[in-house]
>>> print(open('structure.cif').read())   # mmCIF, C-alpha atoms
data_input
#
loop_
_atom_site.group_PDB
_atom_site.id
_atom_site.type_symbol
_atom_site.label_atom_id
_atom_site.label_comp_id
_atom_site.auth_asym_id
_atom_site.auth_seq_id
_atom_site.Cartn_x
_atom_site.Cartn_y
_atom_site.Cartn_z
ATOM 1 C CA MET A 73 221.115 42.907 162.406
ATOM 2 C CA TYR A 74 219.067 42.303 159.251
ATOM 3 C CA GLY A 75 215.485 41.865 157.969
ATOM 4 C CA LEU A 76 212.434 42.222 160.172
ATOM 5 C CA GLU A 77 214.576 42.547 163.264
ATOM 6 C CA ALA A 78 216.298 45.646 161.841
ATOM 7 C CA ILE A 79 212.939 47.130 160.762
ATOM 8 C CA ASN A 80 211.519 46.684 164.263
ATOM 9 C CA ALA A 81 214.612 48.143 165.915
ATOM 10 C CA ASN A 82 214.581 51.334 163.766
ATOM 11 C CA ASN A 83 210.833 52.158 163.760
ATOM 12 C CA GLY A 84 210.608 50.884 160.181
ATOM 13 C CA TRP A 85 206.930 50.005 160.383
ATOM 14 C CA ALA A 86 205.947 53.435 161.657
ATOM 15 C CA ILE A 87 208.057 55.172 159.008
ATOM 16 C CA SER A 88 206.466 53.011 156.312
ATOM 17 C CA ALA A 89 202.976 53.794 157.583
ATOM 18 C CA VAL A 90 203.683 57.538 157.562
ATOM 19 C CA GLY A 91 205.128 57.305 154.053
ATOM 20 C CA ILE A 92 202.166 55.373 152.717
ATOM 21 C CA THR A 93 199.754 57.840 154.344
ATOM 22 C CA ILE A 94 201.534 60.836 152.819
ATOM 23 C CA VAL A 95 201.598 59.321 149.323
ATOM 24 C CA PHE A 96 197.981 58.168 149.536
ATOM 25 C CA SER A 97 196.786 61.577 150.807
ATOM 26 C CA GLY A 98 198.670 63.258 147.977
ATOM 27 C CA LEU A 99 197.079 61.024 145.375
ATOM 28 C CA VAL A 100 193.577 61.576 146.818
ATOM 29 C CA SER A 101 194.105 65.345 146.814
ATOM 30 C CA LEU A 102 195.376 65.233 143.249
ATOM 31 C CA SER A 103 192.407 63.173 142.071
ATOM 32 C CA LEU A 104 189.954 65.582 143.760
ATOM 33 C CA LEU A 105 191.690 68.505 142.085
ATOM 34 C CA ILE A 106 191.528 66.839 138.672
ATOM 35 C CA SER A 107 187.881 65.858 139.146
ATOM 36 C CA GLN A 108 186.953 69.541 139.644
ATOM 37 C CA LEU A 109 189.126 70.826 136.811
ATOM 38 C CA HIS A 110 186.209 70.765 134.340
ATOM 39 C CA LYS A 111 184.489 73.507 136.362
ATOM 40 C CA ALA A 112 187.470 75.798 135.997
ATOM 41 C CA VAL A 113 187.629 75.045 132.265
ATOM 42 C CA ASP A 114 183.885 75.727 131.987
ATOM 43 C CA LEU A 115 184.310 79.118 133.662
ATOM 44 C CA PHE A 116 187.235 79.866 131.368
ATOM 45 C CA GLU A 117 185.107 79.067 128.306
ATOM 46 C CA ASN A 118 181.974 80.831 129.618
ATOM 47 C CA PRO A 119 183.155 83.942 131.473
ATOM 48 C CA HIS A 120 179.573 85.282 131.557
ATOM 49 C CA LYS A 121 178.885 82.764 134.333
ATOM 50 C CA ILE A 122 181.328 84.627 136.559
ATOM 51 C CA LYS A 123 179.483 87.847 135.714
ATOM 52 C CA ALA A 124 176.194 86.158 136.612
ATOM 53 C CA TRP A 125 177.512 85.350 140.109
ATOM 54 C CA PHE A 126 178.020 89.024 140.808
ATOM 55 C CA ALA A 127 174.860 90.178 139.036
ATOM 56 C CA GLY A 128 172.958 89.719 142.273
ATOM 57 C CA LYS A 129 170.664 86.974 143.337
ATOM 58 C CA PRO A 130 166.981 87.250 142.380
ATOM 59 C CA ASP A 131 164.709 88.536 145.073
ATOM 60 C CA ALA A 132 163.992 85.957 147.693
ATOM 61 C CA LYS A 133 160.760 84.212 146.969
ATOM 62 C CA VAL A 134 158.047 85.323 149.322
ATOM 63 C CA SER A 135 156.778 82.486 151.394
ATOM 64 C CA GLU A 136 153.178 83.093 150.454
ATOM 65 C CA SER A 137 151.979 84.717 147.260
ATOM 66 C CA PRO A 138 149.430 87.470 147.760
ATOM 67 C CA VAL A 139 145.920 86.307 147.032
ATOM 68 C CA MET A 140 144.383 87.797 143.901
ATOM 69 C CA VAL A 141 140.776 88.915 144.251
ATOM 70 C CA LEU A 142 138.642 87.297 141.567
ATOM 71 C CA ARG A 143 135.084 87.949 140.450
ATOM 72 C CA GLU A 144 132.553 85.159 140.969
ATOM 73 C CA ASP A 145 132.458 84.326 137.245
ATOM 74 C CA GLN A 146 136.268 84.098 137.198
ATOM 75 C CA LYS A 147 136.210 81.823 140.261
ATOM 76 C CA GLU A 148 133.786 79.550 138.458
ATOM 77 C CA VAL A 149 136.120 79.158 135.463
ATOM 78 C CA VAL A 150 139.080 78.636 137.804
ATOM 79 C CA ARG A 151 137.133 75.809 139.501
ATOM 80 C CA GLN A 152 136.558 74.258 136.085
ATOM 81 C CA TYR A 153 140.263 74.535 135.362
ATOM 82 C CA ALA A 154 140.920 72.796 138.697
ATOM 83 C CA LEU A 155 138.797 69.850 137.571
ATOM 84 C CA LEU A 156 140.821 69.611 134.370
ATOM 85 C CA ALA A 157 144.118 69.871 136.249
ATOM 86 C CA ARG A 158 143.109 66.969 138.509
ATOM 87 C CA THR A 159 142.947 64.706 135.464
ATOM 88 C CA MET A 160 146.594 65.488 134.713
ATOM 89 C CA ASP A 161 149.925 64.601 136.316
ATOM 90 C CA ASP A 162 151.367 66.669 139.182
ATOM 91 C CA HIS A 163 153.776 68.217 136.690
ATOM 92 C CA PHE A 164 151.654 68.871 133.655
ATOM 93 C CA SER A 165 151.973 70.432 130.230
ATOM 94 C CA LEU A 166 150.535 73.952 130.164
ATOM 95 C CA PRO A 167 149.689 73.821 126.428
ATOM 96 C CA ARG A 168 147.877 70.550 127.122
ATOM 97 C CA LEU A 169 145.837 72.198 129.886
ATOM 98 C CA LEU A 170 144.970 75.046 127.505
ATOM 99 C CA HIS A 171 143.962 72.524 124.846
ATOM 100 C CA LEU A 172 141.718 70.678 127.311
ATOM 101 C CA ALA A 173 140.157 73.984 128.363
ATOM 102 C CA ARG A 174 139.406 74.806 124.720
ATOM 103 C CA VAL A 175 137.870 71.439 123.870
ATOM 104 C CA SER A 176 135.878 71.540 127.112
ATOM 105 C CA GLY A 177 134.384 74.857 126.046
ATOM 106 C CA LEU A 178 135.652 76.891 128.997
ATOM 107 C CA LYS A 179 135.032 80.611 128.693
ATOM 108 C CA ASP A 180 138.017 82.699 127.469
ATOM 109 C CA PRO A 181 140.573 79.901 127.997
ATOM 110 C CA CYS A 182 143.642 82.056 127.264
ATOM 111 C CA ALA A 183 142.587 84.910 129.535
ATOM 112 C CA HIS A 184 141.716 82.552 132.383
ATOM 113 C CA LEU A 185 144.941 80.586 131.985
ATOM 114 C CA ASN A 186 146.738 83.905 132.319
ATOM 115 C CA LEU A 187 144.700 84.538 135.479
ATOM 116 C CA LEU A 188 145.854 81.201 136.908
ATOM 117 C CA LEU A 189 149.477 82.153 136.219
ATOM 118 C CA LYS A 190 149.166 85.662 137.631
ATOM 119 C CA SER A 191 147.393 84.445 140.774
ATOM 120 C CA GLY A 192 150.111 81.864 141.443
ATOM 121 C CA ILE A 193 147.717 78.932 141.240
ATOM 122 C CA VAL A 194 149.694 77.526 138.319
ATOM 123 C CA THR A 195 153.462 77.783 138.711
ATOM 124 C CA PRO A 196 156.386 76.664 136.525
ATOM 125 C CA ASP A 197 158.502 73.784 137.810
ATOM 126 C CA GLY A 198 161.623 75.010 136.019
ATOM 127 C CA GLU A 199 161.734 72.009 133.708
ATOM 128 C CA GLY A 200 159.153 73.195 131.212
ATOM 129 C CA TYR A 201 156.157 71.783 133.026
ATOM 130 C CA PHE A 202 153.768 73.401 135.490
ATOM 131 C CA CYS A 203 152.246 72.558 138.879
ATOM 132 C CA TRP A 204 148.870 73.287 140.425
ATOM 133 C CA ASP A 205 149.176 74.964 143.852
ATOM 134 C CA GLU A 206 146.192 73.604 145.752
ATOM 135 C CA ASN A 207 146.716 75.928 148.739
ATOM 136 C CA GLN A 208 146.827 79.000 146.547
ATOM 137 C CA PHE A 209 143.755 77.750 144.699
ATOM 138 C CA ASN A 210 141.778 77.252 147.929
ATOM 139 C CA GLN A 211 142.790 80.665 149.267
ATOM 140 C CA THR A 212 141.918 82.404 146.015
ATOM 141 C CA ILE A 213 138.561 80.706 145.711
ATOM 142 C CA SER A 214 137.592 81.363 149.333
ATOM 143 C CA TYR A 215 138.800 84.974 149.384
ATOM 144 C CA MET B 44 155.268 104.332 128.044
ATOM 145 C CA ASN B 45 156.646 101.033 126.789
ATOM 146 C CA SER B 46 158.243 102.438 123.646
ATOM 147 C CA LEU B 47 160.693 100.216 121.817
ATOM 148 C CA GLY B 48 163.610 102.247 123.174
ATOM 149 C CA ASN B 49 162.407 101.814 126.755
ATOM 150 C CA VAL B 50 161.782 98.095 126.299
ATOM 151 C CA LEU B 51 165.245 97.563 124.791
ATOM 152 C CA LYS B 52 166.788 99.382 127.732
ATOM 153 C CA LYS B 53 164.801 97.179 130.146
ATOM 154 C CA SER B 54 165.556 93.990 128.255
ATOM 155 C CA GLN B 55 168.135 91.719 129.816
ATOM 156 C CA ILE B 56 169.319 90.891 126.303
ATOM 157 C CA PHE B 57 169.749 94.412 124.911
ATOM 158 C CA LYS B 58 170.263 96.692 127.903
ATOM 159 C CA GLY B 59 174.051 96.266 127.768
ATOM 160 C CA LEU B 60 174.308 97.736 124.264
ATOM 161 C CA GLU B 61 175.819 101.153 123.609
ATOM 162 C CA SER B 62 173.378 103.787 122.341
ATOM 163 C CA GLY B 63 174.965 103.607 118.889
ATOM 164 C CA ASP B 64 174.340 99.862 118.754
ATOM 165 C CA LEU B 65 170.762 100.356 119.938
ATOM 166 C CA ASP B 66 170.263 102.812 117.072
ATOM 167 C CA MET B 67 171.383 100.080 114.671
ATOM 168 C CA VAL B 68 169.147 97.435 116.234
ATOM 169 C CA MET B 69 165.950 99.470 116.612
ATOM 170 C CA PRO B 70 165.066 99.697 112.891
ATOM 171 C CA LEU B 71 164.972 95.884 112.755
ATOM 172 C CA PHE B 72 161.939 95.748 115.074
ATOM 173 C CA HIS B 73 158.354 96.284 114.009
ATOM 174 C CA GLU B 74 155.484 96.767 116.433
ATOM 175 C CA ARG B 75 152.803 94.122 116.664
ATOM 176 C CA ILE B 76 149.660 94.608 118.728
ATOM 177 C CA LEU B 77 148.670 91.489 120.646
ATOM 178 C CA HIS B 78 145.120 90.415 121.335
ATOM 179 C CA THR B 79 144.229 87.662 123.777
ATOM 180 C CA GLY B 80 144.374 84.339 121.967
ATOM 181 C CA ASP B 81 146.471 85.565 119.020
ATOM 182 C CA VAL B 82 148.755 82.867 117.653
ATOM 183 C CA LEU B 83 152.049 84.475 116.621
ATOM 184 C CA THR B 84 153.823 81.360 115.397
ATOM 185 C CA ALA B 85 152.909 77.754 114.740
ATOM 186 C CA SER B 86 155.328 74.885 115.264
ATOM 187 C CA GLY B 87 156.490 73.491 111.923
ATOM 188 C CA ASP B 88 156.167 76.761 110.014
ATOM 189 C CA SER B 89 159.185 78.468 108.498
ATOM 190 C CA ALA B 90 160.766 80.641 111.201
ATOM 191 C CA GLN B 91 160.501 84.237 110.032
ATOM 192 C CA PHE B 92 160.398 86.366 113.178
ATOM 193 C CA PHE B 93 161.538 86.520 116.765
ATOM 194 C CA PHE B 94 159.556 88.589 119.281
ATOM 195 C CA LEU B 95 160.525 91.106 121.935
ATOM 196 C CA LEU B 96 157.755 91.454 124.494
ATOM 197 C CA GLY B 97 156.666 94.982 125.342
ATOM 198 C CA LYS B 98 153.536 94.298 127.358
ATOM 199 C CA GLY B 99 151.383 91.249 127.995
ATOM 200 C CA THR B 100 151.972 87.540 128.410
ATOM 201 C CA LEU B 101 153.166 85.041 125.831
ATOM 202 C CA LEU B 102 152.844 81.272 126.118
ATOM 203 C CA LEU B 103 155.622 79.493 124.239
ATOM 204 C CA ALA B 104 154.405 75.944 123.687
ATOM 205 C CA MET B 105 157.326 73.771 122.654
ATOM 206 C CA ASP B 106 157.379 70.429 120.937
ATOM 207 C CA GLY B 107 157.034 67.660 123.527
ATOM 208 C CA GLY B 108 154.607 69.514 125.801
ATOM 209 C CA LYS B 109 157.060 71.778 127.569
ATOM 210 C CA ALA B 110 156.337 75.486 127.762
ATOM 211 C CA VAL B 111 157.713 78.843 128.827
ATOM 212 C CA VAL B 112 155.691 81.861 129.868
ATOM 213 C CA LEU B 113 157.163 85.272 129.090
ATOM 214 C CA ASP B 114 155.480 88.124 130.946
ATOM 215 C CA SER B 115 158.061 90.863 131.514
ATOM 216 C CA ALA B 116 158.789 93.787 129.230
ATOM 217 C CA GLY B 117 162.042 93.014 127.447
ATOM 218 C CA ASP B 118 161.642 89.229 127.460
ATOM 219 C CA PHE B 119 162.818 87.904 124.116
ATOM 220 C CA ALA B 120 161.297 84.912 122.336
ATOM 221 C CA ALA B 121 164.119 83.886 120.048
ATOM 222 C CA MET B 122 166.658 81.303 118.955
ATOM 223 C CA GLU B 123 166.544 78.014 120.928
ATOM 224 C CA LEU B 124 163.262 79.042 122.510
ATOM 225 C CA MET B 125 161.625 79.387 119.113
ATOM 226 C CA SER B 126 163.185 77.513 116.255
ATOM 227 C CA ARG B 127 165.616 74.974 114.971
ATOM 228 C CA GLU B 128 167.310 75.092 111.579
ATOM 229 C CA GLY B 129 164.927 77.710 110.288
ATOM 230 C CA VAL B 130 161.719 76.012 111.381
ATOM 231 C CA TYR B 131 159.591 77.034 114.352
ATOM 232 C CA THR B 132 159.587 74.391 117.089
ATOM 233 C CA THR B 133 157.390 76.550 119.279
ATOM 234 C CA SER B 134 153.834 77.833 118.998
ATOM 235 C CA VAL B 135 153.452 81.256 120.558
ATOM 236 C CA THR B 136 150.068 82.383 121.881
ATOM 237 C CA ALA B 137 149.192 85.703 123.489
ATOM 238 C CA LEU B 138 147.449 85.097 126.816
ATOM 239 C CA GLU B 139 146.417 88.740 127.173
ATOM 240 C CA ASP B 140 146.300 91.967 125.214
ATOM 241 C CA GLY B 141 149.648 93.658 124.822
ATOM 242 C CA VAL B 142 152.347 94.594 122.410
ATOM 243 C CA ALA B 143 155.414 92.883 121.004
ATOM 244 C CA TRP B 144 158.107 93.884 118.547
ATOM 245 C CA ALA B 145 158.858 91.407 115.792
ATOM 246 C CA VAL B 146 162.399 91.200 114.442
ATOM 247 C CA PRO B 147 163.122 89.225 111.264
ATOM 248 C CA ARG B 148 165.101 86.124 112.209
ATOM 249 C CA GLU B 149 167.623 86.520 109.413
ATOM 250 C CA ALA B 150 168.221 90.207 110.141
ATOM 251 C CA PHE B 151 168.764 89.374 113.808
ATOM 252 C CA PHE B 152 171.182 86.564 112.949
ATOM 253 C CA ASP B 153 173.048 88.851 110.533
ATOM 254 C CA PHE B 154 173.496 91.295 113.411
ATOM 255 C CA ILE B 155 174.737 88.775 115.966
ATOM 256 C CA ARG B 156 177.008 86.986 113.472
ATOM 257 C CA GLN B 157 179.093 90.134 113.173
ATOM 258 C CA ASP B 158 182.395 90.123 115.020
ATOM 259 C CA THR B 159 181.453 93.079 117.207
ATOM 260 C CA PRO B 160 181.260 93.754 120.955
ATOM 261 C CA ALA B 161 177.503 94.317 120.563
ATOM 262 C CA ALA B 162 176.991 90.855 119.085
ATOM 263 C CA ALA B 163 179.104 89.279 121.843
ATOM 264 C CA GLU B 164 177.151 91.219 124.475
ATOM 265 C CA ILE B 165 173.820 90.014 123.090
ATOM 266 C CA MET B 166 174.943 86.384 122.996
ATOM 267 C CA ALA B 167 176.355 86.483 126.527
ATOM 268 C CA ALA B 168 173.174 88.128 127.837
ATOM 269 C CA TRP B 169 171.061 85.615 125.930
ATOM 270 C CA GLN B 170 172.773 82.696 127.664
ATOM 271 C CA ILE B 171 172.062 84.241 131.074
ATOM 272 C CA PHE B 172 168.439 84.950 130.091
ATOM 273 C CA LEU B 173 168.006 81.400 128.840
ATOM 274 C CA ASP B 174 169.540 79.944 132.009
ATOM 275 C CA ALA B 175 167.074 81.927 134.103
ATOM 276 C CA LYS B 176 163.949 81.462 131.983
ATOM 277 C CA ALA B 177 164.318 78.080 130.365
ATOM 278 C CA GLY B 178 167.528 76.256 131.188
ATOM 279 C CA PHE B 179 165.932 73.054 129.939
ATOM 280 C CA ALA B 180 165.743 74.536 126.421
ATOM 281 C CA LYS B 181 169.423 75.370 126.308
ATOM 282 C CA VAL B 182 170.404 73.512 123.190
ATOM 283 C CA ILE B 183 172.421 75.424 120.666
ATOM 284 C CA ALA B 184 170.493 74.377 117.617
ATOM 285 C CA ASP B 185 169.519 77.411 115.624
ATOM 286 C CA ILE B 186 172.483 79.717 115.673
ATOM 287 C CA ASP B 187 174.198 78.211 112.628
ATOM 288 C CA ALA B 188 171.009 77.530 110.782
ATOM 289 C CA PRO B 189 171.138 77.883 106.999
ATOM 290 C CA VAL B 190 169.757 81.059 105.508
ATOM 291 C CA ILE B 191 166.103 80.820 104.508
ATOM 292 C CA SER B 192 165.568 82.473 101.146
#
>>> encode(input="structure.cif", output="structure tokens")
Amino acid sequence: MYGLEAINANNGWAISAVGITIVFSGLVSLSLLISQLHKAVDLFENPHKIKAWFAGKPDAKVSESPVMVLREDQKEVVRQYALLARTMDDHFSLPRLLHLARVSGLKDPCAHLNLLLKSGIVTPDGEGYFCWDENQFNQTISY
Amino acid sequence: MNSLGNVLKKSQIFKGLESGDLDMVMPLFHERILHTGDVLTASGDSAQFFFLLGKGTLLLAMDGGKAVVLDSAGDFAAMELMSREGVYTTSVTALEDGVAWAVPREAFFDFIRQDTPAAAEIMAAWQIFLDAKAGFAKVIADIDAPVIS
């Protein structure tokens, strides 16, 4: 008995399929392992990252920032800042906003920009730009 | 009180130093009173000082419109956040009254270029601080800057 007949008689097709599956699975596993190797190398080169994992996660962000109580004159300047912010992109440059406040003649632009940051109306986006939180603004103004 | 010693111990960058190392670092810092609107550095100027925040809020306006706000005692405006190859790339403005400690850039670099555990500790802590505060600014550009005479 030879050829295809012999293969059929001795479960050759099934054995081949199992073999192919084993080899293919091994190669896939190996490629996944190699693709993640750079992370292990990165940790080896920057051991402080391992330390950072165990340093503790920052406090969970509270769902709603407490509303800062502002004086009426401060609310007025904050409203003027809101008008300026509406002329800018959703993610805007904070120095640009300060510049616009200065050229627009807003009162104490630095101090009021600080107020916007402390009240949570203006928040960093983590990429170097800042966002205007409309909800926080409305709550602060109506408080 | 936010004395320099207390601020260094609070600072993420310096709190890991031994007391002997802190004694070596402290004389490098000089107090600077901040008034709202003060401009500490201007982009394009020769980089002379880095700043350790004691109290107040600093706006670090970087080239290209990006910015970082430092508002915690111990935050450190230095290296990639401030300069490249000896030139400020960041304008720093005080957004409220406060106090900062200025450290000469060259003196600071001389300290961290030493092959000591303290220098390694500062650099490791700096990378973590930078990741947390301004990961987008994480470009090693100033550390091997030529000495400004």
>>> atom_distance(input="structure.cif", atom1="CA of Gly97 (chain B)", atom2="CA of Val142 (chain B)")
5.2 Å
>>> closest_residue(input="structure.cif", among="A:Ala157, A:Leu169, A:Cys182, A:Met140", to="Tyr215 (chain A)", atoms="all atoms listed in the file")
A:Met140
>>> closest_atom_pairs(input="structure.cif", of="chain A", to="chain B", cutoff="6 Å", atoms="all atoms listed in the file", output="Markdown table")
| residue | atom | partner | partner_atom | distance |
| --- | --- | --- | --- | --- |
| A:Ser165 | CA | B:Gly108 | CA | 5.2 |
| A:Pro167 | CA | B:Ala104 | CA | 5.9 |
| A:Cys182 | CA | B:Leu138 | CA | 4.9 |
| A:Ala183 | CA | B:Leu138 | CA | 5.6 |
| A:Asn186 | CA | B:Leu138 | CA | 5.7 |
| A:Glu199 | CA | B:Phe179 | CA | 5.7 |
| A:Gly200 | CA | B:Lys109 | CA | 4.4 |
| A:Tyr201 | CA | B:Lys109 | CA | 5.5 |
>>> axis_aligned_box(input="structure.cif", around="region 133-152 of chain B", padding_each_side="3 Å", output="AutoDock Vina command-line options")
--center_x 158.7 --center_y 85.6 --center_z 118.3 --size_x 30.9 --size_y 24.0 --size_z 23.8
>>> closest_residue(input="structure.cif", among="A:Asp145, A:Leu189, A:Asn80, A:Trp204", to="Thr159 (chain A)", atoms="only C-alpha atoms")
A:Trp204
>>> closest_residue(input="structure.cif", among="B:Met69, B:Ala116, B:Leu77, B:Ala150", to="Leu95 (chain B)", atoms="all atoms listed in the file")
B:Ala116
>>> closest_residue(input="structure.cif", among="B:Met125, B:Leu173, B:Leu47, B:Val146", to="Asp88 (chain B)", atoms="only C-alpha atoms")
B:Met125
>>> atom_distance(input="structure.cif", atom1="CA of Asn210 (chain A)", atom2="CA of Leu142 (chain A)")
12.3 Å
>>> resolve_selection(input="structure.cif", expression="the PyMOL selection byres ((chain B and resi 119) around 8)", output="PDB file with C-alpha atoms, in the coordinates of the input")
ATOM      1  CA  SER B  54     165.556  93.990 128.255  1.00  0.00           C
ATOM      2  CA  ILE B  56     169.319  90.891 126.303  1.00  0.00           C
ATOM      3  CA  PHE B  93     161.538  86.520 116.765  1.00  0.00           C
ATOM      4  CA  PHE B  94     159.556  88.589 119.281  1.00  0.00           C
ATOM      5  CA  LEU B  95     160.525  91.106 121.935  1.00  0.00           C
ATOM      6  CA  LEU B  96     157.755  91.454 124.494  1.00  0.00           C
ATOM      7  CA  LEU B 113     157.163  85.272 129.090  1.00  0.00           C
ATOM      8  CA  GLY B 117     162.042  93.014 127.447  1.00  0.00           C
ATOM      9  CA  ASP B 118     161.642  89.229 127.460  1.00  0.00           C
ATOM     10  CA  ALA B 120     161.297  84.912 122.336  1.00  0.00           C
ATOM     11  CA  ALA B 121     164.119  83.886 120.048  1.00  0.00           C
TER      12      ALA B 121
END
>>> atom_distance(input="structure.cif", atom1="CA of Pro138 (chain A)", atom2="CA of Trp125 (chain A)")
29.2 Å
>>> residues_around(input="structure.cif", residues="Val139 (chain A)", least_positions_apart="6", cutoff="12 Å", atoms="all atoms listed in the file", output="ChimeraX atom specification")
/A:187-188,190-193,207-215
>>> closest_residue(input="structure.cif", among="B:Ser115, B:Arg127, B:Asp174, B:Pro160", to="Gly63 (chain B)", atoms="all atoms listed in the file")
B:Pro160
>>> resolve_selection(input="structure.cif", expression="the PyMOL selection byres ((chain B and resi 72) around 8)", output="list of chain:residue names")
B:Val68, B:Met69, B:Pro70, B:Leu71, B:His73, B:Glu74, B:Trp144, B:Ala145, B:Val146, B:Pro147
>>> resolve_selection(input="structure.cif", expression="the PyMOL selection byres ((chain B and resi 126) around 9)", output="PyMOL selection string")
chain B and resi 86-87+89-90+121-125+127-133+184-185
